[in-house]
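Listing of entry_8.csv; format and content: CSV, C-alpha atoms.
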```
chain,number,residue,atom,x,y,z
A,26,MET,CA,59.1,-84.3,-85.0
A,27,LEU,CA,57.7,-86.2,-88.0
A,28,ALA,CA,55.0,-87.8,-85.8
A,29,SER,CA,53.8,-84.4,-84.5
A,30,MET,CA,53.8,-83.0,-88.0
A,31,LEU,CA,51.6,-85.9,-89.2
A,32,VAL,CA,49.2,-85.4,-86.3
A,33,LEU,CA,49.0,-81.7,-87.0
A,34,LEU,CA,48.3,-82.3,-90.6
A,35,VAL,CA,45.1,-84.0,-89.6
A,36,ALA,CA,44.2,-81.8,-86.6
A,37,ASN,CA,45.2,-78.3,-87.7
A,38,PRO,CA,47.2,-77.9,-90.9
A,39,ALA,CA,47.1,-74.1,-90.9
A,40,ALA,CA,48.9,-73.9,-87.6
A,41,MET,CA,52.0,-75.8,-88.5
A,42,LEU,CA,54.2,-73.3,-90.2
A,43,SER,CA,53.0,-70.4,-88.0
A,44,GLU,CA,53.8,-72.4,-84.9
A,45,MET,CA,57.2,-73.4,-86.2
A,46,ILE,CA,58.1,-69.8,-87.0
A,47,ALA,CA,56.7,-68.6,-83.6
A,48,ALA,CA,59.0,-71.2,-81.9
A,49,SER,CA,62.0,-70.1,-83.9
A,50,THR,CA,61.2,-66.4,-83.1
A,51,ASP,CA,61.1,-67.4,-79.4
A,52,ALA,CA,64.5,-69.0,-79.9
A,53,LEU,CA,65.9,-65.8,-81.4
A,54,LYS,CA,64.5,-63.7,-78.6
A,55,LEU,CA,66.0,-66.2,-76.1
A,56,CYS,CA,69.3,-66.0,-77.8
A,57,ILE,CA,69.4,-62.2,-77.7
A,58,GLU,CA,68.6,-62.3,-74.0
A,59,LEU,CA,71.2,-65.0,-73.6
A,60,CYS,CA,73.8,-63.0,-75.5
A,61,ALA,CA,73.4,-60.1,-73.0
A,62,VAL,CA,73.5,-62.5,-70.0
A,63,TYR,CA,76.5,-64.3,-71.3
A,64,ALA,CA,78.4,-61.1,-72.0
A,65,VAL,CA,78.1,-60.2,-68.3
A,66,TRP,CA,78.9,-63.7,-67.1
A,67,LEU,CA,81.7,-64.3,-69.4
A,68,GLY,CA,83.2,-61.0,-68.3
A,69,ILE,CA,82.9,-62.0,-64.7
A,70,LEU,CA,84.2,-65.5,-65.4
A,71,GLU,CA,87.3,-64.0,-67.2
A,72,LEU,CA,87.9,-62.0,-64.0
A,73,VAL,CA,87.5,-65.1,-61.9
A,74,ASP,CA,90.1,-66.8,-64.1
A,75,ALA,CA,92.5,-63.9,-64.3
A,76,SER,CA,92.5,-63.3,-60.6
A,77,GLY,CA,93.4,-66.9,-59.9
A,78,LEU,CA,90.2,-67.6,-58.0
A,79,GLY,CA,89.2,-70.1,-60.6
A,80,GLU,CA,92.4,-72.0,-59.9
A,81,LYS,CA,91.7,-71.9,-56.1
A,82,LEU,CA,88.2,-73.2,-56.6
A,83,ALA,CA,89.5,-75.9,-58.9
A,84,LYS,CA,92.1,-76.9,-56.3
A,85,LEU,CA,89.4,-77.2,-53.7
A,86,LEU,CA,87.2,-79.4,-56.0
A,87,ARG,CA,90.0,-81.2,-57.8
A,88,PRO,CA,90.0,-84.4,-55.7
A,89,LEU,CA,86.2,-84.7,-56.1
A,90,ILE,CA,86.4,-84.0,-59.9
A,91,LYS,CA,89.2,-86.4,-60.4
A,92,ARG,CA,87.2,-89.2,-58.8
A,93,ILE,CA,83.9,-88.4,-60.4
A,94,PHE,CA,85.0,-87.4,-63.9
A,95,LYS,CA,88.3,-89.2,-64.2
A,96,VAL,CA,89.8,-86.1,-65.8
A,97,GLU,CA,93.5,-85.4,-65.5
A,98,ASP,CA,94.0,-82.2,-67.5
A,99,GLU,CA,94.2,-79.2,-65.1
A,100,GLN,CA,92.6,-76.7,-67.5
A,101,THR,CA,89.6,-79.0,-68.0
A,102,GLN,CA,89.3,-79.7,-64.3
A,103,ARG,CA,89.1,-75.9,-63.7
A,104,LEU,CA,86.3,-75.5,-66.3
A,105,ILE,CA,84.3,-78.4,-64.8
A,106,ALA,CA,84.9,-77.1,-61.3
A,107,MET,CA,83.5,-73.7,-62.2
A,108,ASN,CA,80.6,-75.2,-64.2
A,109,VAL,CA,79.6,-77.4,-61.2
A,110,SER,CA,79.9,-74.5,-58.7
A,111,ALA,CA,77.7,-72.2,-60.9
A,112,ASN,CA,75.1,-74.9,-61.1
A,113,MET,CA,75.1,-75.4,-57.3
A,114,LEU,CA,74.6,-71.7,-56.8
A,115,GLY,CA,71.6,-71.8,-59.2
A,116,ILE,CA,73.2,-69.6,-61.8
A,117,GLY,CA,72.4,-71.7,-64.8
A,118,ASN,CA,73.2,-68.9,-67.2
A,119,ALA,CA,76.8,-68.8,-66.0
A,120,ALA,CA,77.0,-72.6,-66.1
A,121,THR,CA,76.1,-72.9,-69.7
A,122,PRO,CA,79.1,-71.2,-71.4
A,123,LEU,CA,81.4,-73.1,-69.0
A,124,GLY,CA,79.7,-76.3,-69.9
A,125,ILE,CA,80.2,-75.6,-73.6
A,126,LYS,CA,83.9,-74.9,-73.0
A,127,SER,CA,84.3,-78.0,-70.8
A,128,MET,CA,82.8,-80.2,-73.5
A,129,GLN,CA,85.1,-78.7,-76.2
A,130,ALA,CA,88.0,-79.5,-73.9
A,131,LEU,CA,86.8,-83.0,-73.4
A,132,ASP,CA,86.0,-83.7,-77.0
A,133,ASP,CA,88.4,-86.4,-78.5
A,134,GLY,CA,87.0,-86.0,-82.0
A,135,SER,CA,85.8,-89.6,-82.2
A,136,GLY,CA,82.2,-88.5,-82.7
A,137,LYS,CA,81.2,-90.5,-79.5
A,138,ALA,CA,80.6,-89.0,-76.1
A,139,ASN,CA,83.3,-90.2,-73.7
A,140,PHE,CA,82.9,-91.1,-70.1
A,141,ALA,CA,83.6,-87.6,-68.7
A,142,MET,CA,81.3,-85.9,-71.3
A,143,ILE,CA,78.4,-88.3,-70.3
A,144,MET,CA,79.1,-87.6,-66.7
A,145,LEU,CA,79.0,-83.9,-67.2
A,146,ILE,CA,75.7,-84.1,-69.0
A,147,VAL,CA,74.2,-86.3,-66.2
A,148,VAL,CA,75.6,-84.0,-63.5
A,149,ASN,CA,74.2,-81.0,-65.2
A,150,ALA,CA,70.9,-82.6,-66.0
A,151,THR,CA,70.4,-83.6,-62.4
A,152,SER,CA,71.8,-80.2,-61.2
A,153,ILE,CA,72.5,-80.1,-57.5
A,154,GLN,CA,70.9,-76.9,-56.5
A,155,LEU,CA,71.6,-75.3,-53.1
A,156,LEU,CA,69.3,-72.4,-53.7
A,157,PRO,CA,66.3,-72.8,-56.0
A,158,THR,CA,66.0,-69.0,-56.3
A,159,THR,CA,63.7,-68.8,-59.4
A,160,VAL,CA,61.2,-71.3,-58.0
A,161,ILE,CA,61.1,-69.6,-54.6
A,162,GLY,CA,60.6,-66.2,-56.3
A,163,LEU,CA,57.7,-67.5,-58.4
A,164,ARG,CA,56.2,-69.1,-55.4
A,165,ALA,CA,56.4,-66.0,-53.3
A,166,ALA,CA,54.8,-64.1,-56.2
A,167,ALA,CA,51.9,-66.6,-56.2
A,168,GLY,CA,51.1,-65.7,-52.6
A,169,SER,CA,52.7,-68.5,-50.7
A,170,ALA,CA,52.9,-68.1,-46.9
A,171,HIS,CA,56.3,-69.9,-46.6
A,172,PRO,CA,57.8,-69.7,-50.1
A,173,ALA,CA,61.2,-71.0,-48.9
A,174,ASP,CA,59.9,-74.2,-47.1
A,175,ILE,CA,60.7,-76.2,-50.3
A,176,ILE,CA,64.5,-75.7,-49.9
A,177,LEU,CA,65.0,-78.7,-47.6
A,178,PRO,CA,62.9,-81.1,-49.7
A,179,THR,CA,64.6,-79.8,-52.9
A,180,LEU,CA,68.1,-80.4,-51.4
A,181,LEU,CA,67.1,-83.9,-50.4
A,182,ALA,CA,65.6,-84.8,-53.8
A,183,THR,CA,68.4,-83.1,-55.8
A,184,PHE,CA,71.0,-85.0,-53.7
A,185,VAL,CA,69.4,-88.3,-54.4
A,186,THR,CA,69.1,-87.7,-58.2
A,187,THR,CA,72.7,-86.5,-58.6
A,188,ALA,CA,74.0,-89.4,-56.5
A,189,THR,CA,72.0,-91.9,-58.5
A,190,GLY,CA,73.2,-90.3,-61.7
A,191,ILE,CA,76.9,-90.5,-60.8
A,192,LEU,CA,76.6,-94.0,-59.5
A,193,LEU,CA,74.7,-95.2,-62.6
A,194,VAL,CA,77.2,-93.6,-65.1
A,195,HIS,CA,80.1,-95.3,-63.2
A,196,LEU,CA,78.2,-98.6,-63.2
A,197,ILE,CA,77.3,-98.6,-66.9
A,198,HIS,CA,80.8,-97.5,-67.8
A,199,ASN,CA,82.3,-100.4,-65.8
A,200,ILE,CA,79.9,-102.9,-67.5
A,201,PHE,CA,80.8,-101.5,-70.9
A,202,THR,CA,84.6,-101.6,-70.4
A,203,LYS,CA,84.4,-105.1,-68.9
A,204,ASN,CA,82.7,-106.3,-72.0
A,205,GLY,CA,85.7,-105.1,-73.9
A,206,LYS,CA,84.0,-102.1,-75.5
A,207,LYS,CA,86.5,-99.3,-74.9
A,208,LEU,CA,84.1,-96.4,-74.8
A,209,ALA,CA,86.0,-93.8,-72.9
A,210,LYS,CA,89.7,-93.8,-72.3
A,211,LYS,CA,89.7,-90.5,-70.5
B,29,MET,CA,68.4,-62.6,-48.1
B,30,ASP,CA,69.0,-64.3,-51.5
B,31,ALA,CA,69.3,-60.9,-53.1
B,32,TYR,CA,72.5,-60.1,-51.3
B,33,ILE,CA,74.5,-63.3,-52.3
B,34,LEU,CA,75.4,-62.4,-55.9
B,35,PRO,CA,76.3,-58.7,-55.2
B,36,ILE,CA,78.5,-59.7,-52.3
B,37,ILE,CA,80.3,-62.3,-54.4
B,38,PHE,CA,80.8,-59.7,-57.2
B,39,ILE,CA,82.1,-57.0,-54.9
B,40,PHE,CA,84.5,-59.6,-53.3
B,41,LEU,CA,85.6,-60.6,-56.8
B,42,PHE,CA,86.4,-57.0,-57.9
B,43,ALA,CA,88.1,-56.2,-54.7
B,44,TYR,CA,90.2,-59.4,-55.0
B,45,CYS,CA,91.1,-58.5,-58.6
B,46,LEU,CA,92.2,-55.0,-57.4
B,47,LYS,CA,94.4,-56.7,-54.8
B,48,LYS,CA,95.9,-59.1,-57.4
B,49,LYS,CA,96.4,-56.1,-59.8
B,50,VAL,CA,94.3,-57.6,-62.5
B,51,ASN,CA,93.2,-55.0,-65.1
B,52,THR,CA,89.5,-55.5,-64.6
B,53,TYR,CA,88.3,-53.4,-67.5
B,54,ASP,CA,90.4,-55.2,-70.2
B,55,THR,CA,89.7,-58.6,-68.7
B,56,PHE,CA,86.0,-58.1,-68.5
B,57,VAL,CA,86.0,-56.9,-72.1
B,58,LYS,CA,88.0,-59.9,-73.2
B,59,GLY,CA,85.5,-62.2,-71.6
B,60,ALA,CA,82.4,-60.4,-72.8
B,61,LYS,CA,83.7,-60.5,-76.4
B,62,GLY,CA,83.0,-64.2,-76.4
B,63,ALA,CA,79.3,-63.8,-75.9
B,64,ILE,CA,78.2,-62.9,-79.5
B,65,PRO,CA,80.1,-65.7,-81.3
B,66,LEU,CA,78.9,-68.2,-78.7
B,67,VAL,CA,75.2,-67.2,-79.2
B,68,VAL,CA,75.5,-67.2,-83.0
B,69,GLU,CA,76.9,-70.7,-82.7
B,70,ILE,CA,74.2,-72.1,-80.5
B,71,PHE,CA,71.2,-70.3,-82.0
B,72,PRO,CA,70.5,-73.0,-84.7
B,73,TYR,CA,70.5,-75.7,-81.9
B,74,ILE,CA,68.1,-73.7,-79.7
B,75,ALA,CA,65.8,-72.9,-82.6
B,76,THR,CA,65.6,-76.6,-83.6
B,77,ILE,CA,64.9,-77.9,-80.2
B,78,LEU,CA,62.2,-75.2,-79.6
B,79,VAL,CA,60.5,-75.9,-82.9
B,80,ALA,CA,60.5,-79.7,-82.1
B,81,THR,CA,59.0,-79.2,-78.7
B,82,THR,CA,56.4,-76.7,-79.9
B,83,LEU,CA,55.3,-79.2,-82.5
B,84,LEU,CA,55.0,-81.9,-79.9
B,85,ARG,CA,52.9,-79.7,-77.6
B,86,VAL,CA,50.7,-78.1,-80.3
B,87,SER,CA,49.9,-81.4,-82.0
B,88,GLY,CA,48.6,-82.7,-78.7
B,89,ILE,CA,51.0,-85.6,-78.5
B,90,THR,CA,52.2,-84.6,-75.0
B,91,ASN,CA,48.6,-84.5,-73.8
B,92,PHE,CA,48.0,-87.9,-75.3
B,93,LEU,CA,51.1,-89.3,-73.6
B,94,ALA,CA,50.1,-87.7,-70.3
B,95,GLN,CA,46.8,-89.6,-70.5
B,96,ILE,CA,48.5,-92.9,-71.2
B,97,LEU,CA,51.2,-92.4,-68.6
B,98,SER,CA,49.1,-91.1,-65.8
B,99,PRO,CA,48.1,-94.5,-64.3
B,100,ILE,CA,51.8,-95.6,-64.4
B,101,PHE,CA,52.8,-92.3,-62.7
B,102,HIS,CA,50.1,-92.8,-60.2
B,103,ALA,CA,51.4,-96.2,-59.3
B,104,LEU,CA,54.8,-94.6,-58.7
B,105,GLY,CA,53.3,-92.1,-56.3
B,106,ILE,CA,53.3,-89.1,-58.7
B,107,PRO,CA,49.9,-87.2,-58.6
B,108,SER,CA,48.2,-87.1,-62.0
B,109,GLU,CA,48.1,-83.3,-61.8
B,110,LEU,CA,51.8,-83.2,-62.2
B,111,VAL,CA,52.2,-85.5,-65.3
B,112,GLU,CA,52.3,-82.7,-67.8
B,113,LEU,CA,55.0,-80.9,-65.9
B,114,VAL,CA,57.1,-84.1,-65.5
B,115,LEU,CA,56.8,-84.8,-69.3
B,116,LEU,CA,57.6,-81.3,-70.5
B,117,ARG,CA,60.3,-80.5,-68.0
B,118,PRO,CA,63.2,-82.3,-69.9
B,119,PHE,CA,62.4,-80.3,-73.0
B,120,THR,CA,61.6,-76.7,-72.1
B,121,GLY,CA,62.6,-74.4,-69.3
B,122,SER,CA,60.3,-71.5,-70.0
B,123,GLY,CA,57.5,-73.9,-70.8
B,124,SER,CA,57.8,-75.7,-67.5
B,125,TYR,CA,57.9,-72.5,-65.6
B,126,GLY,CA,54.6,-71.6,-67.3
B,127,ILE,CA,53.1,-74.9,-66.2
B,128,LEU,CA,54.4,-74.3,-62.7
B,129,GLU,CA,52.6,-70.9,-62.5
B,130,ASN,CA,49.5,-72.6,-63.8
B,131,ILE,CA,49.7,-75.2,-61.0
B,132,PHE,CA,50.1,-72.4,-58.4
B,133,SER,CA,47.0,-70.6,-59.6
B,134,THR,CA,44.9,-73.8,-59.9
B,135,TYR,CA,45.9,-75.5,-56.6
B,136,GLY,CA,47.3,-72.6,-54.5
B,137,ALA,CA,50.9,-72.0,-53.9
B,138,ASP,CA,51.0,-73.8,-50.5
B,139,SER,CA,49.2,-77.0,-51.6
B,140,TYR,CA,50.8,-80.4,-51.7
B,141,ILE,CA,50.7,-80.4,-55.5
B,142,SER,CA,52.4,-77.0,-55.7
B,143,ARG,CA,55.1,-78.0,-53.3
B,144,CYS,CA,55.8,-81.2,-55.2
B,145,ALA,CA,56.0,-79.2,-58.4
B,146,CYS,CA,58.5,-76.8,-56.9
B,147,VAL,CA,60.8,-79.7,-55.7
B,148,ILE,CA,60.5,-81.4,-59.1
B,149,MET,CA,61.6,-78.2,-60.8
B,150,GLY,CA,64.5,-77.9,-58.4
B,151,CYS,CA,65.9,-81.4,-58.8
B,152,SER,CA,65.5,-81.7,-62.6
B,153,GLU,CA,66.8,-79.9,-65.6
B,154,THR,CA,65.9,-79.3,-69.3
B,155,ILE,CA,67.9,-82.4,-70.2
B,156,PHE,CA,67.5,-82.2,-74.0
B,157,TYR,CA,68.3,-78.5,-74.1
B,158,VAL,CA,71.4,-79.0,-71.9
B,159,ALA,CA,72.6,-81.9,-74.0
B,160,THR,CA,72.1,-80.1,-77.4
B,161,VAL,CA,73.6,-76.8,-76.3
B,162,TYR,CA,76.6,-78.2,-74.4
B,163,LEU,CA,77.6,-80.5,-77.2
B,164,SER,CA,76.8,-78.0,-80.0
B,165,GLN,CA,80.5,-77.0,-80.3
B,166,THR,CA,81.9,-80.6,-80.4
B,167,LYS,CA,82.0,-83.3,-82.9
B,168,VAL,CA,79.9,-85.7,-80.8
B,169,LYS,CA,77.0,-87.3,-82.6
B,170,LYS,CA,76.5,-90.3,-80.4
B,171,LEU,CA,75.5,-89.7,-76.8
B,172,LEU,CA,75.4,-93.4,-75.8
B,173,TYR,CA,73.6,-93.8,-72.5
B,174,ALA,CA,73.7,-90.1,-71.3
B,175,ILE,CA,70.1,-89.2,-72.0
B,176,PRO,CA,68.5,-92.4,-70.7
B,177,VAL,CA,70.5,-92.2,-67.5
B,178,ALA,CA,69.6,-88.5,-67.1
B,179,LEU,CA,65.9,-89.2,-67.7
B,180,PHE,CA,65.9,-92.1,-65.3
B,181,CYS,CA,67.5,-90.0,-62.6
B,182,SER,CA,64.9,-87.2,-63.1
B,183,LEU,CA,62.2,-89.8,-62.6
B,184,ILE,CA,63.8,-91.0,-59.4
B,185,GLY,CA,64.0,-87.4,-58.3
B,186,THR,CA,60.3,-86.9,-59.1
B,187,ILE,CA,59.3,-89.9,-57.0
B,188,VAL,CA,61.5,-88.8,-54.1
B,189,ALA,CA,60.1,-85.2,-54.4
B,190,CYS,CA,56.5,-86.5,-54.1
B,191,LEU,CA,57.5,-88.7,-51.2
B,192,VAL,CA,59.4,-86.0,-49.3
B,193,CYS,CA,56.7,-83.4,-49.7
B,194,LYS,CA,54.3,-85.8,-48.1
B,195,ILE,CA,56.5,-86.0,-45.0
B,196,MET,CA,58.0,-82.6,-44.8
```

Let me see whether you can do it: turn the structure in this file into structure tokens.
Amino acid sequence: MLASMLVLLVANPAAMLSEMIAASTDALKLCIELCAVYAVWLGILELVDASGLGEKLAKLLRPLIKRIFKVEDEQTQRLIAMNVSANMLGIGNAATPLGIKSMQALDDGSGKANFAMIMLIVVNATSIQLLPTTVIGLRAAAGSAHPADIILPTLLATFVTTATGILLVHLIHNIFTKNGKKLAKK
Amino acid sequence: MDAYILPIIFIFLFAYCLKKKVNTYDTFVKGAKGAIPLVVEIFPYIATILVATTLLRVSGITNFLAQILSPIFHALGIPSELVELVLLRPFTGSGSYGILENIFSTYGADSYISRCACVIMGCSETIFYVATVYLSQTKVKKLLYAIPVALFCSLIGTIVACLVCKIM
């Protein structure tokens, strides 16, 4: 941030404050939109939870989540299961509040990210996407003849990234713990 | 086809709630109540990350980096037309969609460059945004290796994307 401020000081000093405020205005607009979107999704998610569907989904994904995240707490497993499923369906807006809740449940108050938290960030950052709906929509709007022909390549690439991510986090975690640095006990 | 997926899931959900005798109105209200406090809590984090990325872009630092990095990216099989997208993608969602549309109009939506760009968008995420927002409600200050690993995986994804699009 400081570096870009210094460059701007030389290049275009008048633009700095106005650009910063414009960006913060964008953030406010985004948050108002997000608030509306979250209200709908949090309502839906509360229904998923209350009806017991969340529990069913978690049961389905539990063995996988236990292996990947090494989380034992059932409530947290359920949150992670729903976060991951929302991501896979390409509903990032539903995934975010779930991700925040999962992180709160995983927080051990040590100020350091633990193994499961790092894993959750990496899994979300490499987001397995079964249906890249937004991109297909944009591509169709741009006049593509076969807007959906990127689904297969996307699946392949996203699978490779997520698999690499999970393996790398496990690998680094193992190296750290072997060196006696107890980074994550969860 | 895609348009039917969510409505069908929602209808199924409401029907299921009816069967399980869940009070849908009260439950929905209870969930929706959480939206405003959540957004109020994450706004400062979103504002900060947007201000920082805007400064990076407006100051021309990203352009400068794109120039330096383009030979390296070229060696990895990533076309130089995509360097800006690859660099900005971890920071901004709306910004990278803007670049994607730009690529569509410049190279045509069915060109190799555009298809690569689509796959890159699909297999990557706004890493810094996700990390900031997700951790905003925790005490975590040290992310350890989370960001480097995420960035590295995105790079792998980008390389795979460019490769796959050449074949498929």

*asked:* I need the residue nearest chain A from this list: B:Tyr162, B:Tyr32, B:Tyr140, B:Tyr53. Use only C-alpha atoms for the distance.
replied: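 Under the stated criterion, the closest residue is B:Tyr162.
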
*asked:* Just want the 9 Å neighbourhood of Glu71 of chain A, counted on all atoms listed in the file, with same-chain residues fewer than 6 positions away dropped. Output as a list of chain:residue names.
replied: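 Residues near the query, excluding close chain neighbours: B:Thr55, B:Phe56, B:Val57, B:Lys58, B:Gly59, B:Ala60.
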
*Tell me the residues of chain A close to chain B, meaning within 6 Å using all atoms listed in the file, as a VMD selection string.*
chain A and resid 26 29 32 to 33 45 48 to 49 52 60 63 to 64 67 to 68 71 76 124 to 125 129 134 136 to 138 143 147 150 to 151 157 167 169 179 182 to 183 186 190

_Please determine, counting all atoms listed in the file, which residue among A:Leu104, A:Ala166, A:Met144, A:Ala47 has the shortest atom-to-atom distance to Leu196 of chain A._
A:Met144

*Between A:Ile161, A:Ala170, A:Ile176, A:Ile93, which is the closest to His195 of chain A once you count all atoms listed in the file?*
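Under the stated criterion, the closest residue is A:Ile93.
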
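Between atom CA of Ala120 of chain A and atom CA of Ile131 of chain B there is a distance of 27.9 Å.
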
*For atom CA of Val111 of chain B and atom CA of Leu93 of chain B, the interatomic separation in Å (one decimal)*: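 Distance reported for this atom pair: 9.2 Å.
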
*Å distance separating atom CA of Phe101 of chain B from atom CA of Leu113 of chain B, one decimal place*: 12.0 Å

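Among the candidates A:Val148, A:Met142, A:Ile46, A:Leu156, the one nearest to Val185 of chain A when counting all atoms listed in the file is A:Val148.
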
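Among the candidates A:Trp66, A:Phe184, A:Phe94, A:Phe140, the residue lying nearest to Ser152 of chain A is A:Phe184 (atoms considered: all atoms listed in the file).
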
_Polymer residues at most 8 Å from Ser127 of chain A, all atoms listed in the file, same-chain spacing of 3 or more positions, as a VMD selection string_ = chain A and resid 101 104 to 105 123 to 124 130 to 131
